[in-house]
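The structure appears right after this line, and notes come after that.
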Amino acid sequence: MKMAQIQNHPEDVGKILVKVHEDLRQLKEQVDLFKISGKDIDAKAIDEALKRTEIGLQKNANFVFNMVNNRVQTLPAIDDTKSSGAYLNNAVERIGNTTVTKPIGSIQKMSPGEKVHEDLTMKALFDPENFNNRSVLNKSYGLVLPKIKQSKRNNKVSGQIVSAPIVEHLSVLPAANRRDPSLPPPPIDEKDARKGILSLIERGLIPPSAELTLDPSPVHLRRATLHDYTNSTRKDLYSDAGSVGEDSYFMATAKFDITAATGGRLLPVPSTSTSHMISIQPQQSRDSSAFPDPRDLHHRQPVTSAIRRRPKQELQLKVYDLPLQVKAQPTEVFDDEDEMQAVALLPKHPKSTHENFMIENYRFPDDAANFIKFKQLNLLHWGAIQSTVERLIGLLANYAIPRALVNKPRLVALASQYELEYYPDKYEMLSLLDNIDEVAAAINTPGRRYMAQDGLEVAATKIQSLWRYYVARKAYRRYRRQRWASALIALAWIMSNRKVKSREKFRESKINRLNNYRLRRQQLAANWETTQNTRRIILHVPSLGYSVEDRNKVEHFNQVQNAQLGRIFQLLDPNVSIIYVTPVDLEPDLTTYYKKLLGLRGAVESGSPETIEDFSKRVTIIHPENTRTFKAHSMSLATLLLYSPDALNRIKQLIGGRVCYYLPGLLNHEDLAVADHLNLPILGAEPEIVRLYSSKSGSKRIFEAAKVDVPPGEFDIYTAQQLNELLARLICDNPHIKKWILKIDSTFDGRGIAFIDVERNLPCYGNMMKQVKKFGDKWRHRWAQEEVFSQILYQLPTVLDNFASPADRKVYPKWINFLDGYLSKGGIIEAYPSAAVTCLQIDMLIEPNGKIEMKSCGDQIHAESPLKSFATTVPQSSVEPHIMSNLCKKISIACRTRGIIGYFSIDFVTFIDEDTLEQKIWATDLTIAYSDQMAMTETMSFLTNGKLRASESNFTIPNYLPEEKKFNKRKEGEEVVEEKHEDSLIRFAMMSTKLFHTNLIVVHHNVFFQMCRAHGIGYDIRERTGTLFFLPDPKKRERLGMLLIGEDLKETMESFATNLSVIHQEISTPNMQGESNFKDAIKDIDTIIKTFGNEEEEDDDDEC
């Protein structure tokens, strides 16, 4: 086949080669089959013929592949028809990444200057924007490119200039929606939707926090297919020959590799085998020949930035039979065959070409003609080249590489680059080799470094260095651990010392504050009489100093503290001025409302609504500025005030050296700190005394000391065994008690209470009653109770787990939660009477000089639970006044002997004993704090000009009669006693600070008052009867306080229930009832009113 035909139809050559190769393979398989079958054939002759044919095809294939892949076809000049065939006789020369034609004879005759000129020519040839491109094409190929005339662009814009905006306005979020985000958003039309989601969000039509869902979704999920990594699915230039069809036109670019699947590693084989590799490279350096030797090895790219440029992947045709084994150097000693085989990674006789030279046995090939010619051509740079080769030889000697083929052009380039710079590294040195794959495989073989001449020394050095490293590293790690441990110990010691010192400082500060408190208390007691008769200021801080755990369980804790807003009405004494600290920021609307209530005092005193007196000058309300900072923490008001320096400074300025004392709520150490900062005495007991005797167990001790009746029970219970044993003993001792109550020591407001009904839930209760009836009076002895006690003790844990119920499930949802709090804080057991009970609350005051006074008394009303009070009626009417006065006096004396002063409250339970039909009174609880009932009582007295005689259970107001009526009465000769009786009127009040309704939050205060006025809910100044509201928070309006004053107790309670019903109907709808305690309160009030009606009927029957 002629060369012209090969160039015109290269695909036909590929077909022929593939077909011949396939025929040879089939022939060889048939020969193998004949050998296996045992038939007599001349296999040796056939094998030799096949080998000769295959070798010839491989040699011709190398030439054909070079011509196919490296040819360049250009069009001849139009006027030169004779030179069209001359291009077929030119060789291919590589310049960078392109190829041009050049006569073969001119390659070896070019001088360095001509080479530079040729470089510039080629750059101009392949750069269409180069200035010399047209002349080079004309000179080299006879091509005349047409001139392109560039027309000048007319930059003038035609048309009329428009000054008005040409972009249409986009719709944005209306101003009403920006002010009130709760309004429904405006609809989005199709025009706005076309602008995109981002535009809608930026214009506010879609809220930034909105969750958007695209329908249909732009992302579709489907199951991914996992392929086996051994089966490659990629089909490209490097696909194996088997994946290309016989008639394919891409066989010219195929890669033939018939080596065994060994992972690319050449295995040691016997020395009789041979190795061949044909490399077809589409790109070569410009110094390489046009026709590379088929025996040349393929090149690996350098690693550095200058030399490691990655060219296009070369196309290879490899044929590996079996690699030859290289003998070790005579100086090397191998102990076994494995070490000898490790050297057999290189061909035994790699041959050098004019492109490279061989380094064998770590010496320069000075006697080789190829190397001498290379030295003469690069004589000017030979010093750098020799240094580079010496470094390469040293690298080969270190790894016992006996032979290596060094590429001349890359050696010159690397030597010239590093002649004046730093030395090349190992990877750059290896890039000079043409057999880099074999050399790299040998170098990467483990232990190869130690097979060199100095291998033993290097191995010994390595072992010694590793051992020294191990010892040093071990010592260093031990040192680091010791240092870390010492630092940790030192830090722990420092922190422990700081904690100890901090605790000592806190303890000293507490002791100092306590000592200062005692000194000021003595001064207050000594000057109390004088203080009560002079102008003075009372600092009211309604702080509830409960524990952190208890405070966190209270919803809206600041509103609960502000429920005692009625303290501002403690102005009956004209010498008193009040500073009230509020935990809630009262807005101007509420401040104006309370100023108006204070102004009613003048009208109440005179009986004329036109008389208004300004009392706001005597009342100052202060809000700590850091309340919002600690909004997330349920802090007591005293703590918030202590952390608010501006509020403290303002209080100091208001006091200004005048007589003042501090009136707390539930006193704790923060109150002492505030009082110590302001240098004020406190009307209250010490914090530890308050904490001790305000607990349920502490109150039992005071009641025992006062020798008043208490419910059967036990206190100071801290373990489950103690609870079971004591409760079982109490059930045996009091078989007539059907219900028992468990209270946590630190509970308040009925939150930590649980109960158990033993009559219904205790299985052995019926047997116990039979035994009681059987033994009679002897049942009080322990020997009679032993059997029943064992049964109860066995059944009680299961009964408690299944049937004990917490009273407030918002605080303790389950019995197990209640039991954890009960055992961790301690608690008591109390009996609950079987008959109907009435709870009473008495407010007492022990003045600093020891004087005892009953300030208020009332009957409690329960709504949500019979163990949780929500309102009281003042004065109390359940117990005879003198009996109640005697009981309170005994308890107050017991409190005074234990250092308790100030305000405190006592809770009683009264009921009719079913056996004796006598009234019994049990003292149940003691709270050493200023109560909500006391604050409402002060408000009631201020707005009615009345006086509550709590010891007599009587609340009267003066009767303002016209002068003529008084004169006529005297003229008629009425007795003086009757006039005095007419001068005072009896009033009753019902008060509550614990009303709540979730729908109230949507009603503004002005609207609420208008609604009440429309239904006739208000206060009559002349009669001093009616309703007053207390609003603790202007923002969270779901809580409400109400005070109702009437002429009769029944009428007062009916009006209270009516008001609740009206408010609930006005603020609720059938679909929005909300959460409230209004309905429960109305039910309980109706039950009490029915009781009043039954008692009246019984009285009428008795009279008849």
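Naming works like this for the structure tokens: A, B, ... for the chains as they're shown, residue 1 at the start of each chain, ligands 1 onward in shown order.
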
**Report entry** Exercise: Ser1055 in chain A partners within 12 Å, only C-alpha atoms, chain neighbours under 6 positions left out, as a ChimeraX atom specification
**Finding:** /A:988-991,1016-1018,1025-1027,1042-1049,1061-1062,1082,1085-1086,1089

Requested in this report: Extract, using only C-alpha atoms, all DNA, RNA and protein residues at most 10 Å from Glu1023 in chain A, discarding same-chain residues fewer than 6 positions from it, and format them as a list in words.
Outcome: Val604, Gly607, Thr944, Ile957, Asn959, Tyr960, Leu985, Ile1045, Gly1046 and Glu1047 of chain A

Report task. May I have the residues within 12 Å of Gly766 in chain A as a PyMOL selection string, using only C-alpha atoms and disregarding those fewer than 5 positions away in the same chain? Result -> chain A and resi 735-736+738+758-761+771-773+788+791-792

Take the residues that were just selected and, keeping N, CA, C and O atoms, output them as a PDB file, in the first residue's frame.
ATOM      1  N   PRO A 735     -59.660   6.647 112.107  1.00  0.00           N
ATOM      2  CA  PRO A 735     -60.413   5.908 111.081  1.00  0.00           C
ATOM      3  C   PRO A 735     -61.582   6.691 110.517  1.00  0.00           C
ATOM      4  O   PRO A 735     -62.042   6.374 109.414  1.00  0.00           O
ATOM      5  N   HIS A 736     -62.046   7.716 111.220  1.00  0.00           N
ATOM      6  CA  HIS A 736     -63.186   8.484 110.721  1.00  0.00           C
ATOM      7  C   HIS A 736     -62.765   9.495 109.652  1.00  0.00           C
ATOM      8  O   HIS A 736     -63.624  10.091 108.992  1.00  0.00           O
ATOM      9  N   LYS A 738     -61.663  10.367 106.144  1.00  0.00           N
ATOM     10  CA  LYS A 738     -61.761   9.660 104.874  1.00  0.00           C
ATOM     11  C   LYS A 738     -60.820  10.208 103.800  1.00  0.00           C
ATOM     12  O   LYS A 738     -60.589   9.537 102.794  1.00  0.00           O
ATOM     13  N   VAL A 758     -59.018   7.582 101.123  1.00  0.00           N
ATOM     14  CA  VAL A 758     -58.775   6.218 101.584  1.00  0.00           C
ATOM     15  C   VAL A 758     -60.059   5.399 101.647  1.00  0.00           C
ATOM     16  O   VAL A 758     -60.028   4.169 101.552  1.00  0.00           O
ATOM     17  N   GLU A 759     -61.219   6.039 101.832  1.00  0.00           N
ATOM     18  CA  GLU A 759     -62.472   5.293 101.899  1.00  0.00           C
ATOM     19  C   GLU A 759     -62.772   4.606 100.578  1.00  0.00           C
ATOM     20  O   GLU A 759     -63.254   3.469 100.536  1.00  0.00           O
ATOM     21  N   ARG A 760     -62.489   5.272  99.483  1.00  0.00           N
ATOM     22  CA  ARG A 760     -62.807   4.715  98.170  1.00  0.00           C
ATOM     23  C   ARG A 760     -61.681   3.844  97.613  1.00  0.00           C
ATOM     24  O   ARG A 760     -61.950   2.869  96.909  1.00  0.00           O
ATOM     25  N   ASN A 761     -60.447   4.189  97.911  1.00  0.00           N
ATOM     26  CA  ASN A 761     -59.324   3.589  97.202  1.00  0.00           C
ATOM     27  C   ASN A 761     -58.508   2.611  98.036  1.00  0.00           C
ATOM     28  O   ASN A 761     -57.726   1.852  97.458  1.00  0.00           O
ATOM     29  N   GLN A 771     -62.969  -3.707 112.399  1.00  0.00           N
ATOM     30  CA  GLN A 771     -62.115  -3.886 113.568  1.00  0.00           C
ATOM     31  C   GLN A 771     -62.325  -2.768 114.580  1.00  0.00           C
ATOM     32  O   GLN A 771     -62.294  -2.989 115.804  1.00  0.00           O
ATOM     33  N   VAL A 772     -62.529  -1.545 114.088  1.00  0.00           N
ATOM     34  CA  VAL A 772     -62.800  -0.414 114.992  1.00  0.00           C
ATOM     35  C   VAL A 772     -64.087  -0.659 115.767  1.00  0.00           C
ATOM     36  O   VAL A 772     -64.176  -0.424 116.985  1.00  0.00           O
ATOM     37  N   LYS A 773     -65.102  -1.115 115.060  1.00  0.00           N
ATOM     38  CA  LYS A 773     -66.374  -1.393 115.732  1.00  0.00           C
ATOM     39  C   LYS A 773     -66.244  -2.560 116.701  1.00  0.00           C
ATOM     40  O   LYS A 773     -66.882  -2.590 117.764  1.00  0.00           O
ATOM     41  N   VAL A 788     -54.298  -4.435 111.271  1.00  0.00           N
ATOM     42  CA  VAL A 788     -54.768  -3.499 110.239  1.00  0.00           C
ATOM     43  C   VAL A 788     -53.621  -2.614 109.758  1.00  0.00           C
ATOM     44  O   VAL A 788     -53.511  -2.290 108.564  1.00  0.00           O
ATOM     45  N   GLN A 791     -51.674  -4.422 107.131  1.00  0.00           N
ATOM     46  CA  GLN A 791     -52.381  -4.446 105.843  1.00  0.00           C
ATOM     47  C   GLN A 791     -52.299  -3.103 105.134  1.00  0.00           C
ATOM     48  O   GLN A 791     -52.050  -3.031 103.921  1.00  0.00           O
ATOM     49  N   ILE A 792     -52.513  -2.032 105.885  1.00  0.00           N
ATOM     50  CA  ILE A 792     -52.469  -0.695 105.271  1.00  0.00           C
ATOM     51  C   ILE A 792     -51.073  -0.388 104.761  1.00  0.00           C
ATOM     52  O   ILE A 792     -50.894   0.151 103.655  1.00  0.00           O
TER      53      ILE A 792
END

Query - Residue nearest Ala563 in chain A - candidates A:Leu641, A:Leu198, A:Leu524, A:Val584, atoms counted: only C-alpha atoms - result: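 Using only C-alpha atoms, Ala563 in chain A sits closest to A:Val584.
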
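For the choices A:Ala397, A:Val31, A:Leu1060, A:Leu214, the atom-to-atom distance to Ala452 in chain A is smallest for A:Ala397 when using only C-alpha atoms.
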
Query raised in the report: So how many Å separate CA of Asn802 in chain A and CA of Cys732 in chain A, to one decimal?
Result: 20.8 Å

Query raised in the report: Hey, what does DSSP flag as strand (DSSP E) within range 391-420 of chain A? Can you give it to me as a PyMOL selection string?
Result: chain A and resi 403-407

Requested in this report: Mind checking which residues fall within 12 Å of Arg780 in chain A, counting only C-alpha atoms, ignoring those fewer than 2 positions away in the same chain, and posting them as a PyMOL selection string?
Outcome: chain A and resi 729-735+771-773+775-778+782-786

Expected file: the selected residues, N, CA and C atoms, as an mmCIF file, in the first residue's frame:
data_model
loop_
_atom_site.group_PDB
_atom_site.id
_atom_site.type_symbol
_atom_site.label_atom_id
_atom_site.label_comp_id
_atom_site.auth_asym_id
_atom_site.auth_seq_id
_atom_site.Cartn_x
_atom_site.Cartn_y
_atom_site.Cartn_z
ATOM 1 N N ARG A 729 -50.030 4.925 110.005
ATOM 2 C CA ARG A 729 -50.333 5.107 111.419
ATOM 3 C C ARG A 729 -51.452 6.124 111.629
ATOM 4 N N LEU A 730 -51.452 7.217 110.839
ATOM 5 C CA LEU A 730 -52.510 8.219 110.967
ATOM 6 C C LEU A 730 -53.867 7.641 110.557
ATOM 7 N N ILE A 731 -53.898 6.802 109.528
ATOM 8 C CA ILE A 731 -55.169 6.194 109.109
ATOM 9 C C ILE A 731 -55.707 5.288 110.217
ATOM 10 N N CYS A 732 -54.814 4.552 110.893
ATOM 11 C CA CYS A 732 -55.265 3.690 111.988
ATOM 12 C C CYS A 732 -55.735 4.504 113.190
ATOM 13 N N ASP A 733 -55.029 5.598 113.498
ATOM 14 C CA ASP A 733 -55.403 6.403 114.655
ATOM 15 C C ASP A 733 -56.668 7.217 114.420
ATOM 16 N N ASN A 734 -56.956 7.551 113.163
ATOM 17 C CA ASN A 734 -58.118 8.386 112.847
ATOM 18 C C ASN A 734 -58.954 7.702 111.772
ATOM 19 N N PRO A 735 -59.660 6.647 112.107
ATOM 20 C CA PRO A 735 -60.413 5.908 111.081
ATOM 21 C C PRO A 735 -61.582 6.691 110.517
ATOM 22 N N GLN A 771 -62.969 -3.707 112.399
ATOM 23 C CA GLN A 771 -62.115 -3.886 113.568
ATOM 24 C C GLN A 771 -62.325 -2.768 114.580
ATOM 25 N N VAL A 772 -62.529 -1.545 114.088
ATOM 26 C CA VAL A 772 -62.800 -0.414 114.992
ATOM 27 C C VAL A 772 -64.087 -0.659 115.767
ATOM 28 N N LYS A 773 -65.102 -1.115 115.060
ATOM 29 C CA LYS A 773 -66.374 -1.393 115.732
ATOM 30 C C LYS A 773 -66.244 -2.560 116.701
ATOM 31 N N PHE A 775 -63.396 -3.523 118.430
ATOM 32 C CA PHE A 775 -62.613 -3.201 119.618
ATOM 33 C C PHE A 775 -63.197 -2.035 120.407
ATOM 34 N N GLY A 776 -63.954 -1.175 119.774
ATOM 35 C CA GLY A 776 -64.564 -0.060 120.502
ATOM 36 C C GLY A 776 -63.526 0.913 121.040
ATOM 37 N N ASP A 777 -63.604 1.190 122.365
ATOM 38 C CA ASP A 777 -62.693 2.154 122.963
ATOM 39 C C ASP A 777 -61.254 1.647 123.024
ATOM 40 N N LYS A 778 -61.066 0.341 122.917
ATOM 41 C CA LYS A 778 -59.720 -0.218 122.978
ATOM 42 C C LYS A 778 -58.940 -0.044 121.666
ATOM 43 N N ARG A 782 -52.129 0.351 120.519
ATOM 44 C CA ARG A 782 -51.378 -0.094 119.347
ATOM 45 C C ARG A 782 -51.557 -1.591 119.078
ATOM 46 N N TRP A 783 -51.723 -2.385 120.115
ATOM 47 C CA TRP A 783 -51.860 -3.830 119.900
ATOM 48 C C TRP A 783 -53.140 -4.174 119.151
ATOM 49 N N ALA A 784 -54.154 -3.319 119.313
ATOM 50 C CA ALA A 784 -55.405 -3.567 118.577
ATOM 51 C C ALA A 784 -55.275 -3.188 117.104
ATOM 52 N N GLN A 785 -54.376 -2.285 116.787
ATOM 53 C CA GLN A 785 -54.226 -1.787 115.416
ATOM 54 C C GLN A 785 -53.167 -2.554 114.620
ATOM 55 N N GLU A 786 -52.459 -3.477 115.247
ATOM 56 C CA GLU A 786 -51.285 -4.068 114.614
ATOM 57 C C GLU A 786 -51.618 -4.765 113.299
#

Query raised in the report: Out of range 441-625 of chain A, which residues get helix (DSSP H, G or I) from DSSP, as a PyMOL selection string?
Result: chain A and resi 441-443+448-451+455-526+528-532+548-552+557-569+588-606+616-618

Query raised in the report: Which one is closest to Leu663 in chain A: A:Ala647, A:Leu692, A:Lys510, A:Ile901? Count only C-alpha atoms.
Result: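 Of A:Ala647, A:Leu692, A:Lys510, A:Ile901, the one nearest Leu663 in chain A, counting only C-alpha atoms, is A:Ile901.
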
Query raised in the report: What is the distance, in Å and to one decimal place, between CA of Asn356 in chain A and CA of Thr53 in chain A?
Result: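 CA of Thr53 in chain A lies 29.2 Å from CA of Asn356 in chain A.
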
Query raised in the report: Distance CA of Asn724 in chain A-CA of Phe703 in chain A, one decimal place?
Result: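 Computing it gives 24.2 Å between the two atoms.
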